[in-house]
>>> print(open('input-v9.txt').read())   # compact mmCIF, C-alpha atoms
# COMPACT_ATOMS: atom_id res chain seq x y z
CA SER A 1 8.84 -11.50 146.65
CA VAL A 2 8.18 -14.89 145.16
CA PHE A 3 5.60 -15.64 142.51
CA ALA A 4 4.89 -19.22 141.53
CA GLY A 5 2.33 -20.88 139.36
CA ALA A 6 1.76 -23.50 136.74
CA ALA A 7 -1.18 -24.65 134.70
CA LYS A 8 -2.01 -28.33 134.53
CA GLY A 9 0.82 -30.18 132.84
CA GLU A 10 3.29 -27.28 133.01
CA ILE A 11 6.48 -27.25 135.02
CA PRO A 12 6.10 -24.86 137.97
CA THR A 13 8.31 -21.78 137.75
CA VAL A 14 9.44 -19.35 140.41
CA THR A 15 10.62 -15.79 139.94
CA ILE A 16 12.52 -14.25 142.84
CA LYS A 17 12.73 -10.47 142.92
CA SER A 18 15.07 -9.08 145.55
CA LEU A 19 17.01 -5.92 146.20
CA GLN A 20 19.79 -7.99 147.75
CA ASN A 21 22.26 -10.47 146.29
CA GLY A 22 22.47 -13.87 147.85
CA LEU A 23 21.60 -17.53 147.63
CA TYR A 24 17.94 -18.45 147.58
CA THR A 25 16.08 -21.69 147.90
CA VAL A 26 12.50 -22.60 147.22
CA ILE A 27 10.71 -24.69 149.79
CA GLN A 28 7.33 -26.28 149.85
CA SER A 29 5.63 -26.33 153.20
CA ASP A 30 2.26 -27.59 154.32
CA GLU A 31 1.92 -26.41 157.92
CA SER A 32 -1.38 -26.97 159.66
CA PHE A 33 -2.53 -26.96 163.26
CA ALA A 34 -5.08 -29.33 164.77
CA ASP A 35 -6.76 -26.59 166.82
CA MET A 36 -7.35 -24.37 163.75
CA SER A 37 -9.97 -26.65 162.19
CA GLY A 38 -13.07 -24.52 161.59
CA HIS A 39 -11.42 -21.35 162.92
CA TRP A 40 -12.15 -18.13 160.98
CA ALA A 41 -8.40 -17.39 160.60
CA LYS A 42 -7.29 -20.89 159.56
CA GLN A 43 -6.32 -19.97 156.00
CA GLU A 44 -4.39 -16.84 157.01
CA VAL A 45 -2.57 -18.54 159.89
CA GLU A 46 -1.51 -21.45 157.70
CA LEU A 47 -0.33 -19.03 154.99
CA LEU A 48 1.82 -17.16 157.55
CA ALA A 49 3.12 -20.44 158.99
CA ASN A 50 4.13 -21.66 155.54
CA LYS A 51 5.97 -18.38 154.96
CA ARG A 52 7.80 -18.97 158.27
CA ILE A 53 6.36 -15.79 159.82
CA VAL A 54 4.45 -17.52 162.62
CA GLU A 55 5.03 -20.79 164.42
CA GLY A 56 2.80 -23.03 166.45
CA ARG A 57 3.31 -24.27 169.96
CA PRO A 58 5.70 -27.15 170.66
CA ASP A 59 2.71 -29.51 171.02
CA GLY A 60 1.57 -28.84 167.43
CA GLN A 61 -1.23 -26.49 168.42
CA PHE A 62 -1.50 -22.84 167.41
CA ALA A 63 -3.76 -21.54 170.21
CA PRO A 64 -5.48 -18.97 167.96
CA ASP A 65 -7.61 -17.43 170.70
CA ASP A 66 -4.78 -16.90 173.19
CA ASN A 67 -3.53 -13.38 173.82
CA ILE A 68 -0.06 -12.43 172.62
CA ASN A 69 2.32 -10.22 174.56
CA ARG A 70 4.28 -7.21 173.34
CA ALA A 71 7.43 -9.23 172.65
CA GLU A 72 5.54 -11.75 170.50
CA PHE A 73 3.82 -8.94 168.58
CA VAL A 74 7.12 -7.20 167.84
CA GLU A 75 8.64 -10.51 166.72
CA LEU A 76 5.72 -10.98 164.29
CA LEU A 77 6.27 -7.49 162.84
CA VAL A 78 9.98 -8.03 162.39
CA GLN A 79 9.47 -11.45 160.77
CA ALA A 80 6.71 -10.20 158.46
CA LEU A 81 8.77 -7.21 157.30
CA GLU A 82 11.96 -9.29 157.05
CA LEU A 83 13.90 -6.88 159.23
CA LYS A 84 17.34 -7.87 160.47
CA GLU A 85 17.47 -8.19 164.23
CA GLN A 86 19.50 -5.44 165.88
CA SER A 87 21.29 -5.42 169.19
CA GLU A 88 20.86 -2.30 171.25
CA ASP A 89 22.22 -1.61 174.70
CA ARG A 90 19.01 -1.65 176.75
CA PRO A 91 16.71 0.35 174.46
CA PHE A 92 13.97 0.03 177.09
CA SER A 93 14.30 -0.57 180.82
CA ASP A 94 12.24 -3.77 180.62
CA VAL A 95 14.13 -5.31 177.66
CA TYR A 96 17.30 -7.14 178.61
CA SER A 97 19.92 -7.94 175.97
CA ALA A 98 19.77 -11.65 176.87
CA SER A 99 16.02 -11.81 176.19
CA TRP A 100 14.91 -13.86 173.17
CA TYR A 101 13.08 -10.81 171.80
CA SER A 102 15.77 -8.13 172.29
CA GLY A 103 16.99 -8.32 168.66
CA ALA A 104 13.45 -7.94 167.34
CA VAL A 105 12.82 -4.98 169.65
CA GLY A 106 16.03 -3.33 168.42
CA ALA A 107 15.05 -3.85 164.77
CA ALA A 108 11.52 -2.54 165.31
CA ARG A 109 12.83 0.49 167.18
CA GLN A 110 15.40 1.32 164.48
CA ALA A 111 12.68 0.99 161.82
CA GLY A 112 10.49 3.43 163.75
CA LEU A 113 7.78 0.87 164.42
CA ILE A 114 7.90 1.15 168.20
CA ASP A 115 8.85 3.74 170.77
CA GLY A 116 8.86 3.66 174.56
>>> encode(input="input-v9.txt", output="structure tokens")
Amino acid sequence: SVFAGAAKGEIPTVTIKSLQNGLYTVIQSDESFADMSGHWAKQEVELLANKRIVEGRPDGQFAPDDNINRAEFVELLVQALELKEQSEDRPFSDVYSASWYSGAVGAARQAGLIDG
């Protein structure tokens, strides 16, 4: 997790706590979506977008009231929990290994989040 903060006039500091070794970088992001203005979930959606958990549509919209499908939901879970995508040989009859979501489905299944 990352904790950041600074009072007026102080230099911002960041503490990174991780169970894994590696290289880390701190980014500042200010994602917003034109169709979220006045929406009840605006703050939460922008927070998730700035954490790179959700993305908007290619046209810069988020479409907050659209339905999501099972593949998109599983991708959100895997991103939010920072699970590593896993390849499985056809874990479900309707999930093909070439599908964009197959790695997320494999990770969610191995983590016990989903079952057929």
>>> atom_distance(input="input-v9.txt", atom1="CA of Gly103 (chain A)", atom2="CA of Glu88 (chain A)")
7.6 Å
>>> atom_distance(input="input-v9.txt", atom1="CA of Met36 (chain A)", atom2="CA of Glu72 (chain A)")
19.3 Å
>>> atom_distance(input="input-v9.txt", atom1="CA of Val95 (chain A)", atom2="CA of Ala80 (chain A)")
21.2 Å
>>> residues_around(input="input-v9.txt", residues="Ala108 (chain A)", least_positions_apart="4", cutoff="12 Å", atoms="only C-alpha atoms", output="ChimeraX atom specification")
/A:70-71,73-88,91,101-104,112-116
>>> axis_aligned_box(input="input-v9.txt", around="region 87-100 of chain A", padding_each_side="6 Å", output="AutoDock Vina command-line options")
--center_x 17.2 --center_y -6.8 --center_z 175.0 --size_x 22.0 --size_y 26.2 --size_z 23.6
>>> closest_residue(input="input-v9.txt", among="A:Glu46, A:Asp66, A:Asp89, A:Glu31", to="Val105 (chain A)", atoms="only C-alpha atoms")
A:Asp89
>>> residues_near_point(input="input-v9.txt", point="(15.6, -21.1, 145.7)", cutoff="10 Å", atoms="only C-alpha atoms", output="PyMOL selection string")
chain A and resi 2+14-16+23-27
>>> residues_around(input="input-v9.txt", residues="His39 (chain A)", least_positions_apart="4", cutoff="12 Å", atoms="all atoms listed in the file", output="number ranges by chain")
A: 32-35, 43-46, 62-65
>>> write_last_selection(input="input-v9.txt", atoms="C-alpha atoms", output="compact mmCIF listing (two decimals), in the coordinates of the input")
# COMPACT_ATOMS: atom_id res chain seq x y z
CA SER A 32 -1.38 -26.97 159.66
CA PHE A 33 -2.53 -26.96 163.26
CA ALA A 34 -5.08 -29.33 164.77
CA ASP A 35 -6.76 -26.59 166.82
CA GLN A 43 -6.32 -19.97 156.00
CA GLU A 44 -4.39 -16.84 157.01
CA VAL A 45 -2.57 -18.54 159.89
CA GLU A 46 -1.51 -21.45 157.70
CA PHE A 62 -1.50 -22.84 167.41
CA ALA A 63 -3.76 -21.54 170.21
CA PRO A 64 -5.48 -18.97 167.96
CA ASP A 65 -7.61 -17.43 170.70
>>> closest_residue(input="input-v9.txt", among="A:Asn67, A:Ser37, A:Ser29, A:Ser97", to="Arg52 (chain A)", atoms="only C-alpha atoms")
A:Ser29
